[in-house]
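Structure file input.txt (compact mmCIF, C-alpha atoms) follows.
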# COMPACT_ATOMS: atom_id res chain seq x y z
CA MET A 1 -13.69 -45.46 7.81
CA ASP A 2 -10.89 -47.56 6.28
CA ASN A 3 -11.00 -49.03 2.79
CA LYS A 4 -11.87 -52.52 4.04
CA ASN A 5 -14.94 -51.36 6.00
CA LEU A 6 -15.99 -49.11 3.12
CA SER A 7 -15.80 -52.04 0.70
CA GLU A 8 -17.76 -54.34 3.03
CA MET A 9 -20.39 -51.66 3.59
CA ALA A 10 -20.69 -51.15 -0.17
CA SER A 11 -21.22 -54.87 -0.76
CA LEU A 12 -23.82 -55.09 2.02
CA ILE A 13 -25.83 -52.15 0.71
CA SER A 14 -25.82 -53.62 -2.80
CA GLU A 15 -26.80 -57.08 -1.54
CA LEU A 16 -29.64 -55.82 0.68
CA ARG A 17 -30.96 -53.51 -2.02
CA ASN A 18 -31.15 -56.36 -4.52
CA ARG A 19 -32.77 -58.55 -1.88
CA LYS A 20 -35.49 -55.91 -1.52
CA ASN A 21 -35.92 -55.77 -5.33
CA LEU A 22 -35.14 -52.06 -5.28
CA THR A 23 -33.32 -50.22 -8.04
CA GLN A 24 -30.69 -47.62 -7.17
CA LYS A 25 -33.11 -44.90 -8.28
CA GLU A 26 -35.95 -46.22 -6.10
CA LEU A 27 -33.68 -46.43 -3.04
CA ALA A 28 -32.41 -42.92 -3.74
CA GLU A 29 -35.99 -41.58 -3.98
CA GLN A 30 -36.89 -43.04 -0.60
CA LEU A 31 -33.79 -41.45 0.94
CA GLY A 32 -34.20 -38.13 -0.86
CA VAL A 33 -30.83 -38.33 -2.65
CA LYS A 34 -29.72 -38.81 -6.25
CA ASP A 35 -29.22 -42.28 -7.69
CA LYS A 36 -25.59 -41.35 -8.42
CA ALA A 37 -24.99 -41.17 -4.66
CA VAL A 38 -26.30 -44.73 -4.18
CA SER A 39 -24.10 -45.88 -7.06
CA LYS A 40 -21.03 -44.39 -5.36
CA TRP A 41 -21.91 -46.13 -2.08
CA GLU A 42 -22.16 -49.51 -3.76
CA ARG A 43 -18.86 -49.00 -5.61
CA GLY A 44 -17.11 -48.07 -2.39
CA LEU A 45 -16.28 -44.56 -3.59
CA SER A 46 -18.11 -42.91 -0.70
CA CYS A 47 -20.32 -43.75 2.25
CA PRO A 48 -23.80 -42.52 3.22
CA ASP A 49 -24.05 -39.37 5.30
CA ILE A 50 -24.51 -40.13 8.99
CA SER A 51 -27.95 -38.44 8.93
CA LEU A 52 -29.12 -41.00 6.33
CA LEU A 53 -28.06 -44.09 8.27
CA PRO A 54 -31.23 -44.46 10.43
CA LYS A 55 -33.57 -44.30 7.43
CA LEU A 56 -31.28 -46.45 5.26
CA SER A 57 -31.11 -49.10 7.98
CA GLN A 58 -34.93 -49.11 8.22
CA ILE A 59 -35.38 -49.53 4.48
CA LEU A 60 -32.80 -52.32 4.25
CA GLU A 61 -33.99 -53.85 7.56
CA VAL A 62 -30.62 -54.00 9.31
CA THR A 63 -29.20 -52.22 12.31
CA ILE A 64 -26.98 -49.17 11.91
CA GLY A 65 -24.13 -51.16 13.45
CA GLU A 66 -24.49 -53.93 10.86
CA LEU A 67 -24.62 -51.32 8.11
CA VAL A 68 -21.48 -49.55 9.26
CA ASN A 69 -19.58 -52.80 9.85
CA GLY A 70 -20.71 -54.16 6.49
CA GLU A 71 -21.85 -57.48 7.94
CA GLU A 72 -25.19 -58.93 9.00
CA LYS A 73 -25.33 -60.73 12.34
CA ASP A 74 -26.17 -64.42 12.24
CA LEU A 75 -29.48 -64.64 14.09
CA SER A 76 -30.05 -68.32 13.41
CA ALA A 77 -28.29 -69.37 16.60
CA LEU A 78 -30.36 -66.95 18.64
CA ASN A 79 -33.58 -68.13 17.01
CA ASN A 80 -32.74 -71.80 17.67
CA ASN A 81 -31.89 -71.11 21.29
CA PRO A 82 -34.77 -72.28 23.55
CA ILE A 83 -34.19 -69.24 25.76
CA ASN A 84 -35.09 -66.97 22.84
CA GLN A 85 -38.15 -68.94 21.77
CA GLY A 86 -41.76 -68.66 22.93
CA SER A 87 -42.88 -65.74 25.04
CA PRO A 88 -39.89 -63.39 24.40
CA HIS A 89 -41.15 -62.97 20.82
CA GLN A 90 -44.49 -61.64 22.02
CA PRO A 91 -43.22 -58.08 22.80
CA ASP A 92 -41.99 -57.83 19.19
CA LYS A 93 -45.52 -58.51 17.92
CA LEU A 94 -46.94 -55.93 20.31
CA GLN A 95 -44.34 -53.43 19.21
CA THR A 96 -45.14 -54.12 15.55
CA GLY A 97 -48.85 -53.61 16.21
CA SER A 98 -48.17 -50.33 17.98
CA SER A 99 -45.93 -49.19 15.15
CA THR A 100 -48.63 -50.03 12.59
CA LYS A 101 -51.21 -47.97 14.51
CA LYS A 102 -48.85 -44.99 14.60
CA VAL A 103 -48.31 -45.23 10.85
CA ILE A 104 -52.06 -45.40 10.20
CA TRP A 105 -52.73 -42.35 12.38
CA LYS A 106 -49.97 -40.40 10.63
CA VAL A 107 -51.48 -41.26 7.25
CA ILE A 108 -54.94 -40.24 8.48
CA ALA A 109 -53.55 -36.90 9.71
CA LYS A 110 -51.87 -36.23 6.36
CA ALA A 111 -55.01 -37.24 4.44
CA SER A 112 -57.09 -34.90 6.61
CA ALA A 113 -54.71 -31.99 5.98
CA ILE A 114 -54.79 -32.62 2.22
CA SER A 115 -58.60 -32.86 2.28
CA LEU A 116 -58.82 -29.53 4.09
CA LEU A 117 -56.48 -27.94 1.53
CA CYS A 118 -58.62 -29.29 -1.32
CA LEU A 119 -61.72 -27.84 0.34
CA PHE A 120 -60.12 -24.38 0.48
CA ILE A 121 -59.09 -24.67 -3.18
CA ILE A 122 -62.64 -25.63 -4.20
CA ILE A 123 -64.11 -22.69 -2.26
CA GLY A 124 -61.58 -20.33 -3.87
CA CYS A 125 -62.29 -21.64 -7.37
CA ASN A 126 -66.06 -21.36 -6.98
CA THR A 127 -65.72 -17.84 -5.61
CA ALA A 128 -63.54 -16.81 -8.56
CA ILE A 129 -65.99 -18.33 -11.08
CA GLU A 130 -68.97 -16.54 -9.54
CA LYS A 131 -67.24 -13.14 -9.28
CA GLY A 132 -65.74 -13.30 -12.77
CA PHE A 133 -62.36 -13.92 -14.39
CA SER A 134 -61.15 -10.40 -13.55
CA THR A 135 -60.47 -11.64 -10.01
CA ILE A 136 -58.04 -14.32 -11.24
CA ALA A 137 -54.66 -12.81 -12.08
CA PRO A 138 -55.67 -10.52 -15.00
CA PRO A 139 -52.36 -10.87 -16.93
CA LEU A 140 -53.07 -14.49 -17.81
CA SER A 141 -50.38 -14.85 -20.46
CA ILE A 142 -47.61 -13.70 -18.09
CA THR A 143 -48.88 -15.97 -15.31
CA PHE A 144 -49.04 -18.92 -17.71
CA ILE A 145 -45.47 -18.36 -18.96
CA ILE A 146 -44.05 -18.05 -15.44
CA TRP A 147 -45.89 -21.19 -14.34
CA LEU A 148 -44.75 -23.14 -17.40
CA VAL A 149 -41.11 -22.08 -16.92
CA ALA A 150 -41.31 -23.17 -13.26
CA ILE A 151 -42.68 -26.58 -14.28
CA LEU A 152 -39.99 -27.14 -16.93
CA GLY A 153 -37.26 -25.87 -14.58
CA ALA A 154 -38.31 -28.24 -11.79
CA PHE A 155 -38.42 -31.16 -14.25
CA ILE A 156 -34.98 -30.37 -15.71
CA ILE A 157 -33.24 -30.17 -12.32
CA GLY A 158 -34.81 -33.48 -11.30
CA LYS A 159 -37.54 -32.18 -8.99
CA ASN A 160 -40.21 -34.32 -10.64
CA LYS A 161 -42.59 -34.20 -7.67
CA MET A 162 -42.49 -30.41 -7.60
CA SER A 163 -43.04 -30.37 -11.36
CA SER A 164 -46.10 -32.62 -10.96
CA ALA A 165 -47.57 -30.41 -8.24
CA LEU A 166 -47.01 -27.25 -10.31
CA PHE A 167 -48.59 -28.85 -13.38
CA CYS A 168 -51.72 -29.92 -11.50
CA GLY A 169 -51.97 -26.51 -9.84
CA MET A 170 -51.77 -24.82 -13.23
CA SER A 171 -54.49 -27.15 -14.56
CA ILE A 172 -56.84 -26.07 -11.76
CA TYR A 173 -56.01 -22.40 -12.32
CA MET A 174 -56.55 -22.53 -16.10
CA THR A 175 -59.81 -24.46 -15.77
CA THR A 176 -61.13 -21.96 -13.21
CA PHE A 177 -60.19 -19.09 -15.52
CA PHE A 178 -61.96 -20.84 -18.41
CA TYR A 179 -65.18 -21.34 -16.44
CA ALA A 180 -65.09 -17.76 -15.15
CA SER A 181 -64.62 -16.45 -18.70
CA LEU A 182 -67.63 -18.43 -19.94
CA ASN A 183 -69.83 -16.91 -17.26
CA ALA A 184 -68.56 -13.43 -18.09
CA THR A 185 -69.51 -13.79 -21.78
CA PRO A 186 -72.67 -15.92 -21.85
CA GLY A 187 -73.84 -17.33 -25.15
CA ARG A 188 -75.57 -20.49 -26.29
CA VAL A 189 -73.24 -23.11 -27.72
CA LEU A 190 -75.34 -25.23 -30.09
CA THR A 191 -73.40 -28.02 -31.75
CA THR A 192 -73.22 -31.76 -32.28
CA PHE A 193 -70.27 -33.62 -30.81
CA ASN A 194 -69.55 -37.34 -31.21
CA GLY A 195 -73.17 -38.42 -31.34
CA PHE A 196 -74.42 -35.96 -28.71
CA PRO A 197 -77.11 -33.97 -30.54
CA LYS A 198 -78.10 -31.84 -27.54
CA ASN A 199 -76.63 -28.50 -26.58
CA PHE A 200 -72.96 -29.27 -26.14
CA ILE A 201 -71.68 -26.69 -23.66
CA PRO A 202 -67.90 -26.16 -23.36
CA HIS A 203 -67.74 -27.79 -19.92
CA TYR A 204 -68.53 -31.18 -21.47
CA THR A 205 -65.17 -31.26 -23.27
CA LEU A 206 -63.35 -31.03 -19.94
CA ILE A 207 -65.61 -33.75 -18.51
CA LEU A 208 -64.52 -36.09 -21.31
CA VAL A 209 -60.86 -35.26 -20.61
CA MET A 210 -61.31 -35.88 -16.87
CA PHE A 211 -63.11 -39.18 -17.52
CA ALA A 212 -60.35 -40.45 -19.84
CA SER A 213 -57.66 -39.31 -17.37
CA SER A 214 -59.40 -41.04 -14.44
CA VAL A 215 -59.48 -44.32 -16.39
CA VAL A 216 -55.74 -44.08 -17.01
CA LEU A 217 -55.07 -43.26 -13.34
CA LEU A 218 -57.10 -46.26 -12.19
CA VAL A 219 -55.16 -48.61 -14.48
CA ILE A 220 -51.83 -47.18 -13.26
CA SER A 221 -52.83 -47.36 -9.58
CA VAL A 222 -53.80 -51.04 -9.89
CA GLY A 223 -50.35 -51.89 -11.28
CA SER A 224 -48.38 -49.51 -9.05
CA LYS A 225 -46.18 -51.21 -6.43
CA LYS A 226 -44.09 -48.29 -5.18
CA ALA A 227 -45.85 -45.66 -3.07
CA PHE A 228 -43.04 -43.12 -3.01
CA SER A 229 -41.94 -42.96 -6.63
CA ASP A 230 -42.33 -39.95 -8.93
CA LYS A 231 -44.97 -41.85 -10.91
CA SER A 232 -47.07 -42.49 -7.81
CA PHE A 233 -46.79 -38.83 -6.74
CA LEU A 234 -48.05 -37.75 -10.17
CA LEU A 235 -50.89 -40.24 -9.77
CA VAL A 236 -51.88 -38.71 -6.43
CA THR A 237 -51.72 -35.07 -7.57
CA SER A 238 -53.63 -35.91 -10.77
CA GLY A 239 -56.29 -37.79 -8.82
CA LEU A 240 -56.75 -34.87 -6.42
CA THR A 241 -56.91 -32.49 -9.39
CA ILE A 242 -59.71 -34.50 -11.03
CA ILE A 243 -61.64 -34.63 -7.75
CA ILE A 244 -61.32 -30.86 -7.26
CA LEU A 245 -62.24 -30.08 -10.87
CA SER A 246 -65.21 -32.48 -10.73
CA VAL A 247 -66.73 -30.56 -7.83
CA VAL A 248 -65.91 -27.19 -9.41
CA THR A 249 -67.35 -28.29 -12.77
CA VAL A 250 -70.73 -29.17 -11.25
CA SER A 251 -71.05 -25.66 -9.83
CA ALA A 252 -69.75 -24.06 -13.03
CA ILE A 253 -72.22 -25.96 -15.23
CA MET A 254 -75.14 -24.93 -13.02
CA ASP A 255 -74.12 -21.26 -13.29
CA TYR A 256 -73.67 -21.49 -17.05
CA VAL A 257 -76.98 -23.30 -17.56
CA ASP A 258 -78.81 -20.67 -15.50
CA LEU A 259 -77.23 -17.84 -17.51
CA ASN A 260 -78.10 -19.38 -20.89
CA ALA A 261 -81.33 -21.21 -20.09
CA LEU A 262 -79.84 -24.54 -21.22
CA GLY A 263 -80.53 -28.08 -20.12
CA VAL A 264 -77.96 -30.48 -18.71
CA ASP A 265 -77.18 -33.67 -20.64
CA GLY A 266 -77.50 -36.49 -18.11
CA ARG A 267 -74.92 -38.64 -19.87
CA PHE A 268 -72.18 -36.15 -19.07
CA THR A 269 -73.34 -36.05 -15.46
CA VAL A 270 -72.80 -39.81 -15.29
CA LEU A 271 -69.34 -39.48 -16.87
CA LEU A 272 -68.39 -36.80 -14.35
CA LEU A 273 -69.58 -38.96 -11.46
CA LEU A 274 -67.60 -41.94 -12.78
CA ALA A 275 -64.48 -39.79 -13.14
CA PHE A 276 -64.86 -38.65 -9.53
CA LEU A 277 -65.38 -42.19 -8.20
CA MET A 278 -62.50 -43.70 -10.19
CA SER A 279 -60.15 -40.98 -8.94
CA CYS A 280 -61.22 -41.71 -5.36
CA ILE A 281 -60.58 -45.43 -5.89
CA SER A 282 -57.15 -44.69 -7.38
CA LEU A 283 -56.20 -42.62 -4.32
CA ALA A 284 -57.53 -45.31 -1.97
CA LEU A 285 -55.40 -47.97 -3.69
CA TRP A 286 -52.33 -45.73 -3.48
CA LEU A 287 -53.01 -44.99 0.19
CA ARG A 288 -53.28 -48.70 0.96
CA GLN A 289 -49.99 -49.36 -0.81
CA GLN A 290 -48.33 -46.52 1.09
CA VAL A 291 -49.40 -47.87 4.48
CA LYS A 292 -48.19 -51.38 3.56
CA GLN A 293 -44.84 -50.05 2.37
CA ILE A 294 -44.26 -47.91 5.48
CA VAL A 295 -45.17 -50.76 7.83
CA LYS A 296 -42.91 -53.14 5.90
CA SER A 297 -39.97 -50.71 6.05
CA GLN A 298 -40.36 -50.43 9.81
Can you present the structure in this file as structure tokens?
Amino acid sequence: MDNKNLSEMASLISELRNRKNLTQKELAEQLGVKDKAVSKWERGLSCPDISLLPKLSQILEVTIGELVNGEEKDLSALNNNPINQGSPHQPDKLQTGSSTKKVIWKVIAKASAISLLCLFIIIGCNTAIEKGFSTIAPPLSITFIIWLVAILGAFIIGKNKMSSALFCGMSIYMTTFFYASLNATPGRVLTTFNGFPKNFIPHYTLILVMFASSVVLLVISVGSKKAFSDKSFLLVTSGLTIIILSVVTVSAIMDYVDLNALGVDGRFTVLLLLAFLMSCISLALWLRQQVKQIVKSQ
């Protein structure tokens, strides 16, 4: 590609990106590259890899030919031509409808796979809690250090989504270990906490944390406009974590109450239910935004 074409392509990418109200970082995230690469494209220092052209053309809503040539075709003449008006536009609508259905089915398939994975995690956590903490990686300190190093390493090298997934996974692991340890060393925990005079069992602290986190997630999901950003991925993994831990906590509380002959404070049951529902709503809002963004890009 000569310098003239490279310069025209750079200008077109920059113009179309701004037209879509995308930052260089957001465009890079959708393409799976670094924002420095997008910056080089728009300065004419390099051009996108040929494997990225189909996806880049979809996001910017131009053809690959227009992208490579650095010039959009003038479609106004075609649109004003009587030959191109009326019924010829109908196949485009049918094609759009078919494309939308495909996107929805793909999202449903992914959601089903994630739901199945969450079910296996819940079963594994409940099994570990019932059998005791000795079944969960006995050298806890070593496991925690390795996990923490992996999280920090992924964050430092820019793999924010991997870092989010590792963090949420560690949260589930540590909570499961905590519940299993409580069952292994039963003992009544009698205390007063923030106006709750009844038996305040340790599980209630985590319920308060989950409730506060679910409120934050709901607020973020309402204001979130990008379905593929690092922030939205953290929202999804955190929401799934709260849902998993909510189910696990119910089972863990029942075991602990049976072991110690305690009663369950109904107010914390309500808080746990609200945390579960708000997390589900947050994920539903994100899923809706994802479908809209995929359909729009196509």
Expressed in Å, the length from CA of Leu52 in chain A to CA of Val68 in chain A is 11.8 Å
### Neighbour list for range 182-184 of chain A as a ChimeraX atom specification, cut-off 12 Å, only C-alpha atoms, skip fewer than 6 positions in-chain
/A:126,128-135,175-176,201-203,251-260
Correct to one decimal, the distance CA of Leu16 in chain A-CA of Leu60 in chain A is 5.9 Å
- request: Quick one: everything within 9 Å of Val236 in chain A, counting all atoms listed in the file, minus sequence neighbours fewer than 6 positions away in the same chain. Send it as a list in words.
  value: Leu217, Ser279, Ser282, Leu283 and Trp286 of chain A
Counting all atoms listed in the file, what is within 12 Å of Leu22 in chain A, bar same-chain residues fewer than 2 positions away, as a short mmCIF file (atom, residue, chain, number, x, y, z; two decimals) with C-alpha atoms, in the frame of the given file?
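Now in part-v6.cif:
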data_model
loop_
_atom_site.label_atom_id
_atom_site.label_comp_id
_atom_site.auth_asym_id
_atom_site.auth_seq_id
_atom_site.Cartn_x
_atom_site.Cartn_y
_atom_site.Cartn_z
CA ILE A 13 -25.83 -52.15 0.71
CA SER A 14 -25.82 -53.62 -2.80
CA GLU A 15 -26.80 -57.08 -1.54
CA LEU A 16 -29.64 -55.82 0.68
CA ARG A 17 -30.96 -53.51 -2.02
CA ASN A 18 -31.15 -56.36 -4.52
CA ARG A 19 -32.77 -58.55 -1.88
CA LYS A 20 -35.49 -55.91 -1.52
CA GLN A 24 -30.69 -47.62 -7.17
CA LYS A 25 -33.11 -44.90 -8.28
CA GLU A 26 -35.95 -46.22 -6.10
CA LEU A 27 -33.68 -46.43 -3.04
CA ALA A 28 -32.41 -42.92 -3.74
CA GLU A 29 -35.99 -41.58 -3.98
CA GLN A 30 -36.89 -43.04 -0.60
CA ASP A 35 -29.22 -42.28 -7.69
CA VAL A 38 -26.30 -44.73 -4.18
CA ILE A 59 -35.38 -49.53 4.48
CA LEU A 60 -32.80 -52.32 4.25
CA LYS A 225 -46.18 -51.21 -6.43
CA LYS A 226 -44.09 -48.29 -5.18
CA SER A 229 -41.94 -42.96 -6.63
#
Find the residue from A:Leu206, A:Cys47, A:Leu277, A:Ile123 that sits nearest to Leu67 in chain A; use all atoms listed in the file when measuring.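 Using all atoms listed in the file, Leu67 in chain A sits closest to A:Cys47.
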Exercise. Between A:Ser238, A:Lys106, A:Gly65, A:Ser39, which one has atoms that come closest to Phe167 in chain A, using only C-alpha atoms?
Worked result: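 Ranked by minimum distance to Phe167 in chain A, first place goes to A:Ser238.
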Identify which of the residues A:Ser171, A:Val222, A:Gly153, A:Ile104 lies closest to Leu285 in chain A, counting all atoms listed in the file when measuring atom-to-atom distances.
->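 Among the listed residues, the smallest separation from Leu285 in chain A belongs to A:Val222.
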Open item on the list: Measuring between all atoms listed in the file, which one of A:Ile156, A:Val149, A:Leu31, A:Ile244 shows the shortest distance to Leu56 in chain A?
Closed with: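 Using all atoms listed in the file, Leu56 in chain A sits closest to A:Leu31.
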Q) Quick one, how far is CA of Asn21 in chain A from CA of Ala284 in chain A? A)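 Between CA of Asn21 in chain A and CA of Ala284 in chain A the gap is 24.2 Å.
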Ser115 in chain A proximity check over A:Cys280, A:Met170, A:Ala37, A:Leu12, using all atoms listed in the file: winner is A:Cys280
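Checking A:Ser57, A:Thr241, A:Ser232, A:Ser163 one by one against Ile121 in chain A, counting all atoms listed in the file, you find the shortest gap at A:Thr241.
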